[in-house]
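What follows is the content of start_34.txt, which has compact mmCIF, C-alpha atoms:
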# COMPACT_ATOMS: atom_id res chain seq x y z
CA MET X 1 -131.19 76.85 102.08
CA HIS X 2 -129.13 75.16 99.37
CA GLU X 3 -130.14 71.61 100.14
CA MET X 4 -130.43 70.73 96.45
CA SER X 5 -126.75 71.54 95.89
CA LEU X 6 -125.83 69.67 99.05
CA ALA X 7 -127.84 66.62 97.97
CA GLU X 8 -126.04 66.76 94.62
CA GLY X 9 -122.76 66.91 96.56
CA VAL X 10 -123.75 63.81 98.53
CA LEU X 11 -124.61 61.95 95.33
CA ALA X 12 -121.31 63.00 93.71
CA ILE X 13 -119.41 61.57 96.70
CA ILE X 14 -121.42 58.34 96.56
CA GLU X 15 -120.81 57.96 92.81
CA ASP X 16 -117.06 58.56 93.26
CA HIS X 17 -116.97 55.79 95.83
CA ALA X 18 -119.20 53.45 93.81
CA ALA X 19 -116.50 53.15 91.17
CA LYS X 20 -113.64 52.81 93.64
CA ALA X 21 -115.23 50.59 96.28
CA ASP X 22 -117.12 48.51 93.72
CA PHE X 23 -120.76 48.60 94.66
CA THR X 24 -123.87 48.97 92.54
CA ARG X 25 -126.52 49.79 95.07
CA VAL X 26 -126.64 51.91 98.19
CA LYS X 27 -129.08 50.79 100.87
CA THR X 28 -128.43 53.39 103.55
CA VAL X 29 -126.57 56.69 103.69
CA TRP X 30 -125.45 58.17 107.02
CA LEU X 31 -124.97 61.91 107.04
CA GLU X 32 -123.58 63.91 109.92
CA ILE X 33 -125.27 67.31 110.01
CA GLY X 34 -124.25 69.85 112.62
CA GLN X 35 -126.91 71.73 114.54
CA LEU X 36 -125.35 75.06 113.46
CA SER X 37 -124.81 74.14 109.80
CA GLY X 38 -128.04 75.75 108.65
CA VAL X 39 -129.19 72.60 106.87
CA GLU X 40 -132.91 71.92 107.00
CA THR X 41 -133.08 68.14 107.37
CA GLU X 42 -136.58 67.79 105.90
CA ALA X 43 -135.52 69.75 102.81
CA MET X 44 -132.40 67.58 102.64
CA ARG X 45 -134.53 64.40 102.61
CA PHE X 46 -136.77 65.80 99.90
CA CYS X 47 -133.81 66.83 97.73
CA PHE X 48 -131.93 63.60 98.36
CA ASP X 49 -134.88 61.58 97.08
CA ALA X 50 -135.13 63.84 94.04
CA VAL X 51 -131.45 63.78 93.02
CA THR X 52 -130.85 60.07 93.65
CA ARG X 53 -133.59 58.92 91.29
CA GLY X 54 -132.02 56.74 88.60
CA SER X 55 -128.69 56.54 90.47
CA VAL X 56 -126.97 53.86 92.56
CA ALA X 57 -128.57 55.48 95.61
CA GLU X 58 -132.15 55.40 94.37
CA GLY X 59 -134.45 54.40 97.21
CA ALA X 60 -131.64 54.46 99.79
CA ALA X 61 -132.62 55.21 103.37
CA LEU X 62 -131.18 58.49 104.63
CA GLU X 63 -130.03 58.48 108.25
CA ILE X 64 -129.16 61.91 109.58
CA VAL X 65 -126.98 62.07 112.67
CA ASP X 66 -127.24 65.46 114.39
CA THR X 67 -124.11 66.79 116.03
CA PRO X 68 -124.60 69.32 118.81
CA GLY X 69 -123.58 72.95 118.46
CA LYS X 70 -120.58 74.10 120.51
CA GLY X 71 -118.94 77.46 120.88
CA TRP X 72 -115.92 79.08 122.51
CA CYS X 73 -116.96 81.84 124.90
CA LEU X 74 -114.32 84.57 124.88
CA GLN X 75 -115.47 85.86 128.27
CA CYS X 76 -115.61 82.49 130.06
CA ALA X 77 -112.63 81.12 128.07
CA GLU X 78 -114.49 77.85 127.88
CA THR X 79 -116.32 75.64 125.39
CA VAL X 80 -120.07 75.84 125.95
CA SER X 81 -123.13 74.42 124.23
CA MET X 82 -124.76 76.51 121.53
CA ALA X 83 -128.21 75.82 120.06
CA GLU X 84 -128.16 78.60 117.46
CA LEU X 85 -125.51 80.86 115.94
CA PHE X 86 -127.15 83.79 117.78
CA SER X 87 -127.29 81.99 121.14
CA ALA X 88 -126.01 83.66 124.27
CA CYS X 89 -123.45 81.84 126.42
CA PRO X 90 -125.37 79.63 128.87
CA ARG X 91 -122.80 80.49 131.59
CA CYS X 92 -122.37 84.26 131.38
CA GLY X 93 -125.24 85.33 129.11
CA GLY X 94 -122.82 87.17 126.80
CA TYR X 95 -122.63 86.96 123.02
CA GLN X 96 -118.87 86.66 122.67
CA LEU X 97 -119.31 83.16 121.26
CA GLN X 98 -117.51 81.64 118.29
CA ALA X 99 -118.99 78.42 116.91
CA THR X 100 -116.45 75.62 117.17
CA GLY X 101 -118.57 72.51 116.66
CA GLY X 102 -121.82 71.52 115.02
CA THR X 103 -121.11 73.27 111.73
CA GLU X 104 -120.15 70.09 109.88
CA MET X 105 -121.92 68.48 106.94
CA ARG X 106 -120.36 65.12 106.23
CA VAL X 107 -121.12 61.86 104.50
CA LYS X 108 -120.16 59.41 107.26
CA GLU X 109 -120.70 55.98 105.79
CA LEU X 110 -122.71 53.91 103.41
CA GLU X 111 -124.34 50.51 103.55
CA VAL X 112 -123.93 49.05 100.09
CA GLU X 113 -124.28 45.87 98.10
CA MET T 1 -136.01 71.10 92.48
CA CYS T 2 -135.48 72.38 95.96
CA THR T 3 -138.70 73.72 97.41
CA VAL T 4 -136.80 75.98 99.79
CA CYS T 5 -134.70 78.09 97.48
CA GLY T 6 -135.13 76.80 93.93
CA CYS T 7 -131.48 75.84 93.86
CA GLY T 8 -130.26 73.34 91.33
CA GLN T 9 -127.32 72.82 89.01
CA GLY T 10 -126.90 72.17 85.35
CA GLU T 11 -127.70 75.52 83.79
CA THR T 12 -124.61 77.54 84.59
CA LYS T 13 -123.37 79.81 81.83
CA ILE T 14 -120.30 81.99 81.72
CA GLU T 15 -120.51 84.71 79.10
CA GLY T 16 -117.91 85.28 76.44
CA GLY T 17 -117.41 85.32 72.70
CA HIS T 18 -116.33 82.50 70.39
CA GLU T 19 -117.08 79.65 72.63
CA HIS T 20 -118.28 76.12 72.80
CA GLU T 21 -120.09 74.33 75.54
CA HIS T 22 -119.37 71.10 77.25
CA ARG T 23 -121.03 69.25 80.01
CA HIS T 24 -119.23 68.28 83.19
CA GLU T 25 -119.81 65.13 85.18
CA ASP T 26 -121.92 67.13 87.58
CA GLY T 27 -124.15 68.38 84.80
CA THR T 28 -122.79 71.92 84.84
CA VAL T 29 -122.61 73.35 81.35
CA LEU T 30 -119.66 75.62 80.80
CA SER T 31 -118.93 77.80 77.86
CA HIS T 32 -115.27 77.79 76.96
CA ALA T 33 -113.23 80.11 74.84
CA HIS T 34 -111.07 78.33 72.30
CA GLY T 35 -107.32 78.64 72.28
CA HIS T 36 -106.38 76.44 75.17
CA ASP T 37 -105.08 73.54 73.09
CA GLY T 38 -108.19 71.54 73.68
CA GLU T 39 -107.19 71.14 77.28
CA HIS T 40 -109.23 71.98 80.27
CA VAL T 41 -106.92 74.56 81.82
CA HIS T 42 -108.57 75.02 85.20
CA ALA T 43 -106.97 72.68 87.69
CA HIS T 44 -109.39 70.05 88.94
CA PRO T 45 -108.24 68.39 92.08
CA HIS T 46 -110.52 65.46 92.68
CA ALA T 47 -111.19 63.16 95.58
CA PRO T 48 -109.50 65.13 98.34
CA GLY T 49 -108.32 63.34 101.42
CA GLY T 50 -107.24 59.81 102.03
CA LEU T 51 -110.15 57.41 101.93
CA SER T 52 -110.41 53.92 103.21
CA TYR T 53 -112.70 51.24 101.94
CA ALA T 54 -112.43 48.62 104.61
CA PRO T 55 -115.42 46.40 104.00
CA ARG T 56 -116.70 45.05 107.25
CA GLN T 57 -119.63 43.24 108.61
CA HIS T 58 -122.54 45.18 109.84
CA SER T 59 -122.19 45.17 113.62
CA HIS T 60 -122.46 48.61 115.13
CA GLY T 61 -126.02 49.47 115.80
CA HIS T 62 -127.51 50.56 112.50
CA GLU T 63 -129.93 47.64 112.54
CA HIS T 64 -132.88 49.96 112.86
CA ALA T 65 -132.39 50.89 109.24
CA HIS T 66 -133.27 47.44 107.96
CA ALA T 67 -136.51 45.80 107.15
CA PRO T 68 -136.71 42.50 109.03
CA GLY T 69 -135.50 39.50 107.06
CA LEU T 70 -133.15 41.42 104.76
CA SER T 71 -129.50 40.61 104.94
CA PRO T 72 -127.27 43.48 106.02
CA GLY T 73 -125.06 45.02 103.36
CA ARG T 74 -121.41 45.90 103.34
CA MET T 75 -120.40 49.12 105.11
CA VAL T 76 -118.18 51.69 103.41
CA GLN T 77 -116.53 54.39 105.49
CA ILE T 78 -116.67 57.78 103.78
CA GLU T 79 -116.10 60.58 106.34
CA GLN T 80 -116.07 63.23 103.64
CA ASP T 81 -117.37 66.78 103.81
CA ILE T 82 -120.40 67.26 101.57
CA LEU T 83 -118.77 70.40 100.24
CA SER T 84 -115.38 68.74 99.76
CA LYS T 85 -115.58 69.04 95.99
CA ASN T 86 -116.32 72.77 96.17
CA ASN T 87 -113.64 73.22 98.83
CA ALA T 88 -111.03 71.54 96.65
CA TYR T 89 -111.81 73.94 93.79
CA ALA T 90 -111.78 76.86 96.25
CA ASN T 91 -108.36 75.86 97.55
CA ALA T 92 -107.04 75.65 93.99
CA ASN T 93 -108.40 79.15 93.28
CA ARG T 94 -106.92 80.51 96.52
CA LYS T 95 -103.51 79.01 95.78
CA GLN T 96 -103.51 80.43 92.27
CA TRP T 97 -104.58 83.90 93.42
CA GLN T 98 -102.05 83.97 96.24
CA ALA T 99 -99.32 83.00 93.80
CA LEU T 100 -100.38 85.88 91.54
CA GLY T 101 -100.49 88.30 94.48
CA LEU T 102 -104.20 88.87 93.88
CA PHE T 103 -106.58 90.03 96.62
CA ALA T 104 -110.06 88.49 96.16
CA ALA T 105 -113.17 89.60 98.02
CA ASN T 106 -116.53 87.79 97.81
CA LEU T 107 -119.38 90.31 98.17
CA VAL T 108 -122.58 88.77 99.49
CA SER T 109 -125.95 90.33 100.30
CA SER T 110 -129.66 90.13 99.65
CA PRO T 111 -130.89 91.34 96.25
CA GLY T 112 -131.19 95.12 96.05
CA SER T 113 -128.65 96.03 98.73
CA GLY T 114 -126.79 98.18 96.23
CA LYS T 115 -123.81 95.89 95.54
CA THR T 116 -123.44 96.87 91.91
CA THR T 117 -123.82 100.61 92.58
CA LEU T 118 -121.22 100.31 95.33
CA LEU T 119 -118.90 98.43 92.96
CA VAL T 120 -119.26 101.05 90.23
CA GLU T 121 -118.38 103.79 92.73
CA THR T 122 -115.52 101.69 94.16
CA ILE T 123 -114.04 101.09 90.72
CA GLY T 124 -114.22 104.81 89.96
CA ARG T 125 -112.17 105.56 93.07
CA LEU T 126 -109.63 102.81 92.43
CA ALA T 127 -109.22 103.57 88.72
CA GLY T 128 -105.64 103.34 87.58
CA ARG T 129 -104.32 102.44 91.03
CA HIS T 130 -104.51 98.64 90.81
CA PRO T 131 -105.31 96.06 88.16
CA LEU T 132 -108.92 95.13 88.86
CA ALA T 133 -111.63 92.82 87.58
CA VAL T 134 -115.12 91.81 88.61
CA ILE T 135 -116.93 88.48 88.43
CA GLU T 136 -120.68 89.04 88.49
CA GLY T 137 -123.05 86.31 89.63
CA ASP T 138 -126.76 86.38 88.87
CA GLN T 139 -129.31 83.75 87.97
CA GLN T 140 -130.00 85.47 84.64
CA THR T 141 -128.96 88.49 82.50
CA SER T 142 -125.61 90.17 82.03
CA ASN T 143 -126.95 93.57 83.10
CA ASP T 144 -124.58 93.86 86.07
CA ALA T 145 -121.46 92.96 84.09
CA GLU T 146 -122.48 95.54 81.50
CA ARG T 147 -122.80 98.19 84.23
CA ILE T 148 -119.30 97.32 85.43
CA ARG T 149 -117.83 97.31 81.93
CA ALA T 150 -119.31 100.77 81.34
CA THR T 151 -116.78 102.01 83.95
CA GLY T 152 -113.96 100.66 81.79
CA ALA T 153 -113.18 97.78 84.17
CA GLN T 154 -113.04 94.14 83.12
CA ALA T 155 -116.07 92.11 84.13
CA ILE T 156 -117.45 88.70 83.37
CA GLN T 157 -120.95 87.53 84.07
CA VAL T 158 -121.75 84.07 85.40
CA ASN T 159 -125.40 83.07 85.12
CA THR T 160 -126.17 80.33 87.60
CA GLY T 161 -129.48 79.39 85.98
CA LYS T 162 -131.44 77.67 88.71
CA GLY T 163 -128.49 77.88 91.11
CA CYS T 164 -128.78 80.26 94.04
CA HIS T 165 -125.06 80.87 94.63
CA LEU T 166 -121.69 80.95 92.90
CA ASP T 167 -119.47 77.96 93.51
CA ALA T 168 -115.69 77.70 93.32
CA HIS T 169 -115.76 75.70 90.10
CA MET T 170 -117.74 78.32 88.16
CA VAL T 171 -115.56 81.10 89.54
CA GLY T 172 -112.36 79.26 88.59
CA HIS T 173 -113.57 79.05 85.00
CA ALA T 174 -114.76 82.65 84.96
CA PHE T 175 -111.32 83.74 86.21
CA GLU T 176 -109.65 82.04 83.22
CA ARG T 177 -111.45 84.54 81.02
CA LEU T 178 -110.08 87.57 82.84
CA ASP T 179 -106.78 89.22 82.13
CA LEU T 180 -105.67 89.60 85.72
CA LYS T 181 -102.50 87.59 85.86
CA GLN T 182 -100.41 90.44 87.24
CA GLY T 183 -102.10 90.60 90.66
CA GLY T 184 -104.33 93.38 91.95
CA LEU T 185 -107.95 93.12 93.00
CA LEU T 186 -110.66 90.59 92.14
CA LEU T 187 -114.14 91.56 93.30
CA ILE T 188 -116.71 88.78 93.13
CA GLU T 189 -120.32 89.89 93.35
CA ASN T 190 -122.24 86.84 94.45
CA VAL T 191 -125.87 86.06 93.64
CA GLY T 192 -128.17 88.24 95.76
CA ASN T 193 -129.08 85.78 98.50
CA LEU T 194 -128.31 85.97 102.22
CA VAL T 195 -128.55 82.22 102.72
CA CYS T 196 -126.80 79.87 100.32
CA PRO T 197 -123.59 81.73 99.38
CA ALA T 198 -122.53 81.54 103.05
CA GLU T 199 -121.52 77.89 102.68
CA PHE T 200 -119.59 78.11 99.42
CA ASP T 201 -115.95 79.08 99.67
CA LEU T 202 -114.80 80.53 96.34
CA GLY T 203 -111.15 80.88 97.33
CA GLU T 204 -111.55 84.50 98.43
CA ALA T 205 -109.44 86.15 101.13
CA HIS T 206 -112.60 87.54 102.76
CA LYS T 207 -116.35 87.45 102.48
CA VAL T 208 -117.85 90.92 102.79
CA VAL T 209 -121.54 91.04 103.70
CA ILE T 210 -123.38 94.09 102.46
CA LEU T 211 -126.48 95.18 104.33
CA SER T 212 -128.39 98.27 103.24
CA VAL T 213 -130.08 100.41 105.85
CA THR T 214 -133.37 100.08 103.97
CA GLU T 215 -133.44 96.48 105.21
CA GLY T 216 -134.17 95.51 108.80
CA GLU T 217 -131.48 95.91 111.45
CA ASP T 218 -132.24 92.36 112.61
CA LYS T 219 -131.01 90.79 109.35
CA PRO T 220 -127.91 89.41 111.12
CA LEU T 221 -130.17 87.46 113.49
CA LYS T 222 -132.46 86.31 110.69
CA TYR T 223 -129.62 85.13 108.44
CA PRO T 224 -126.88 84.25 110.94
CA ASN T 225 -124.81 81.91 108.77
CA MET T 226 -123.91 84.68 106.36
CA PHE T 227 -122.80 87.05 109.11
CA ALA T 228 -120.86 84.24 110.76
CA ALA T 229 -119.02 83.55 107.50
CA SER T 230 -118.12 87.17 106.74
CA ASP T 231 -115.15 89.20 108.00
CA LEU T 232 -116.55 92.62 107.18
CA MET T 233 -120.08 94.04 107.22
CA LEU T 234 -120.67 97.04 105.00
CA LEU T 235 -123.73 99.06 105.96
CA THR T 236 -124.74 100.77 102.73
CA LYS T 237 -127.11 103.55 101.65
CA THR T 238 -126.36 105.45 104.87
CA ASP T 239 -127.42 108.70 103.15
CA LEU T 240 -130.98 107.45 103.67
CA LEU T 241 -130.63 107.07 107.46
CA PRO T 242 -132.38 110.39 108.27
CA HIS T 243 -135.51 109.06 106.56
CA LEU T 244 -135.54 105.66 108.23
CA ASP T 245 -135.97 104.08 111.66
CA PHE T 246 -132.95 101.87 111.13
CA ASP T 247 -130.99 101.49 114.39
CA VAL T 248 -127.32 101.31 113.40
CA ALA T 249 -126.01 100.52 116.90
CA LYS T 250 -128.50 97.69 117.29
CA CYS T 251 -127.64 96.26 113.88
CA ILE T 252 -123.93 96.21 114.76
CA GLU T 253 -124.71 94.63 118.13
CA TYR T 254 -126.73 91.89 116.40
CA ALA T 255 -123.96 91.24 113.88
CA ARG T 256 -121.43 90.90 116.71
CA ARG T 257 -123.70 88.48 118.58
CA ILE T 258 -123.32 86.20 115.59
CA ASN T 259 -119.69 87.02 114.89
CA PRO T 260 -117.80 88.85 117.65
CA LYS T 261 -114.90 89.54 115.27
CA ILE T 262 -116.83 91.04 112.37
CA ALA T 263 -115.57 94.48 111.29
CA VAL T 264 -118.13 97.12 110.31
CA LEU T 265 -117.94 100.07 107.92
CA GLN T 266 -120.76 102.47 107.08
CA VAL T 267 -120.83 103.73 103.51
CA SER T 268 -122.95 105.61 101.03
CA ALA T 269 -122.04 105.18 97.38
CA LYS T 270 -124.29 108.14 96.66
CA SER T 271 -122.94 110.77 99.07
CA GLY T 272 -119.47 109.24 99.25
CA GLU T 273 -119.61 109.03 103.05
CA GLY T 274 -117.34 106.28 104.39
CA MET T 275 -116.09 105.32 100.92
CA ASP T 276 -112.52 106.31 101.80
CA LYS T 277 -112.46 103.74 104.63
CA TRP T 278 -113.82 101.00 102.36
CA ILE T 279 -111.24 101.85 99.68
CA ALA T 280 -108.51 101.83 102.35
CA TRP T 281 -109.68 98.38 103.53
CA LEU T 282 -109.42 97.04 99.97
CA GLU T 283 -106.05 98.65 99.39
CA ARG T 284 -104.61 97.20 102.58
CA GLY T 285 -105.77 93.82 101.28
CA VAL T 286 -104.04 94.38 97.94
CA VAL T 287 -100.82 95.52 99.59
CA ALA T 288 -100.81 92.59 102.01
CA GLN T 289 -101.32 90.18 99.12
CA THR T 290 -98.43 91.40 96.99
CA PRO T 291 -95.41 89.07 96.99
CA LEU T 292 -93.20 91.87 98.35
CA ALA T 293 -95.37 92.35 101.44
CA LYS T 294 -95.54 88.61 101.98
CA GLY T 295 -91.77 88.38 101.68
CA GLY T 296 -91.55 90.98 104.44
CA GLY T 297 -93.49 88.71 106.78
CA SER T 298 -96.81 90.54 106.52
CA ARG T 299 -99.89 88.35 106.43
CA SER T 300 -102.57 88.70 103.79
CA GLU T 301 -104.87 90.65 106.07
CA PRO T 302 -106.25 94.07 105.30
CA GLY T 303 -105.02 95.69 108.49
CA ASP T 304 -107.12 96.65 111.48
CA PHE T 305 -110.39 95.53 110.02
CA ALA T 306 -109.30 91.98 109.43
CA ALA T 307 -110.94 89.24 111.38
CA GLY T 308 -108.21 86.80 110.55
CA ARG T 309 -110.37 84.02 109.19
CA HIS T 310 -109.98 82.37 105.83

Output the file's structure as structure tokens, nothing else.
Amino acid sequence: MHEMSLAEGVLAIIEDHAAKADFTRVKTVWLEIGQLSGVETEAMRFCFDAVTRGSVAEGAALEIVDTPGKGWCLQCAETVSMAELFSACPRCGGYQLQATGGTEMRVKELEVE
Amino acid sequence: MCTVCGCGQGETKIEGGHEHEHRHEDGTVLSHAHGHDGEHVHAHPHAPGGLSYAPRQHSHGHEHAHAPGLSPGRMVQIEQDILSKNNAYANANRKQWQALGLFAANLVSSPGSGKTTLLVETIGRLAGRHPLAVIEGDQQTSNDAERIRATGAQAIQVNTGKGCHLDAHMVGHAFERLDLKQGGLLLIENVGNLVCPAEFDLGEAHKVVILSVTEGEDKPLKYPNMFAASDLMLLTKTDLLPHLDFDVAKCIEYARRINPKIAVLQVSAKSGEGMDKWIAWLERGVVAQTPLAKGGGSRSEPGDFAAGRH
């Protein structure tokens, strides 16, 4: 999907923090990417390498932490696991599921020097 | 350049006369009309959220990331949404539009679903009833804005260049160019793309996903994020149903697998079928957004079809 824009968003966040937290090089970037967020992690890596060239994050390792998908089943009135947005409820087999977790895309932390 | 969708930034253009360009920190080039005292009038909230920079020693299990023999670096906690910048602009847009009593809908679909034809027909039916303007998003050309302007309505074209979606920043600037400060209806026609626009909040009250019956009925399953993000699905070109194998009931069932709360309307801009319900949905949105309705305790939801998500 729009991994190039997302990678640019990650770099913008890093550059904001570089000024404020006083660092000149980023060694590792930890991203939290939800299973239901629709982000293709391989595309994200490719785009991250491309957009960070010539920046404080050039050559930084990208660590992607997957967070599991979760949904609220209206029929079971319970939180259940959800692998895809179109998944059926693993308890009742119904589709009355609203995603409640695993949609996040966050920059968690940085290792800098 | 993204190999998946060709998305990139830095070539955005907003049409308009007597303008100059300047480059933002993020590389986006914006064309500005003069007459705003040299100031950048669109509010730019930056760095949302409280952030902490507690430097600490490296001691929590990220050792695998290091080559042996290298000293560990300092850790900086970020915990910030990748889209936080866009979301901050979107919230500023939303606040401004709510204050003006303006109802904004973000129309998303694949290319060729008939968004512009639907808009032209919609504008014809709403003519003179509410102040109305359109923001048109496309990678290139101002053809769509010209089609809208031919109806007599205000329209402004945003060309995203390599970008595959509108973002809240571009839309905020485009809005400055419109004379719509008295409330009414803002229709935003996003770039034809069923993937990327799903993630970018523009400040709208609702996303409306448009699916034409000449596409497959399994589109909701193929592009679930868009159907999850939308509050209303408009099935368009229904006049063609007799000639197609499109299974309407199945399509609606698929959409509700993704989003149990999604409302559905079937319309044909050509025959006019279902247009009255679509117009009524928009008008309920406009009424709910006016300061008077809000003062009466009504929420900014267009009635029965609302899914209540913002």

Using all atoms listed in the file, give me every residue within 10 Å of (-123.7, 78.1, 133.3) in file coordinates, as a PDB file with C-alpha atoms, in the frame of the given file.
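The resulting file, out_22.pdb, is reproduced below:
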ATOM      1  CA  CYS X  76    -115.610  82.490 130.060  1.00  0.00           C
ATOM      2  CA  VAL X  80    -120.070  75.840 125.950  1.00  0.00           C
ATOM      3  CA  SER X  81    -123.130  74.420 124.230  1.00  0.00           C
ATOM      4  CA  CYS X  89    -123.450  81.840 126.420  1.00  0.00           C
ATOM      5  CA  PRO X  90    -125.370  79.630 128.870  1.00  0.00           C
ATOM      6  CA  ARG X  91    -122.800  80.490 131.590  1.00  0.00           C
ATOM      7  CA  CYS X  92    -122.370  84.260 131.380  1.00  0.00           C
ATOM      8  CA  GLY X  93    -125.240  85.330 129.110  1.00  0.00           C
TER       9      GLY X  93
END

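The interatomic distance for the pair CA of Gly163 (chain T) and CA of Tyr254 (chain T) works out to 29.0 Å.
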
Counting all atoms listed in the file, what is within 7 Å of region 113-119 of chain T, bar same-chain residues fewer than 4 positions away, as a list in words?
Ser109, Ile123, Asp144, Ile210, Leu211, Ser212 and Ala269 of chain T

Can you tell me which residues surround Ile258 (chain T) at a distance of at most 7 Å, considering only C-alpha atoms, apart from same-chain residues fewer than 3 positions away, and format the answer as a PyMOL selection string?
(chain X and resi 85-86) or (chain T and resi 224+227-228+254-255)

Within 9 Å of chain T, which residues of chain X show up when using all atoms listed in the file, listed as a PyMOL selection string?
chain X and resi 1-10+12-14+16-17+20-21+26-28+31-32+36-38+43-44+46-47+50-51+61-63+84-88+94-99+104-113

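Distance annotation: of X:Leu11, X:Leu74, X:Ala18, X:Thr103, the residue with the minimal separation from Gly34 (chain X) is X:Thr103; atom set is all atoms listed in the file.
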
If we count only C-alpha atoms, what is near Gln289 (chain T) at a cut-off of 7 Å, once residues fewer than 6 positions away on the same chain are taken out, given as a PyMOL selection string?
chain T and resi 98+101-103+300

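Comparing the minimum interatomic distances between Trp281 (chain T) and each of T:Ala90, T:Asn106, T:Leu265, T:Asp179, counting all atoms listed in the file, we find that T:Leu265 sits nearest.
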
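CA of Asn143 (chain T) lies 18.5 Å from CA of Met170 (chain T).
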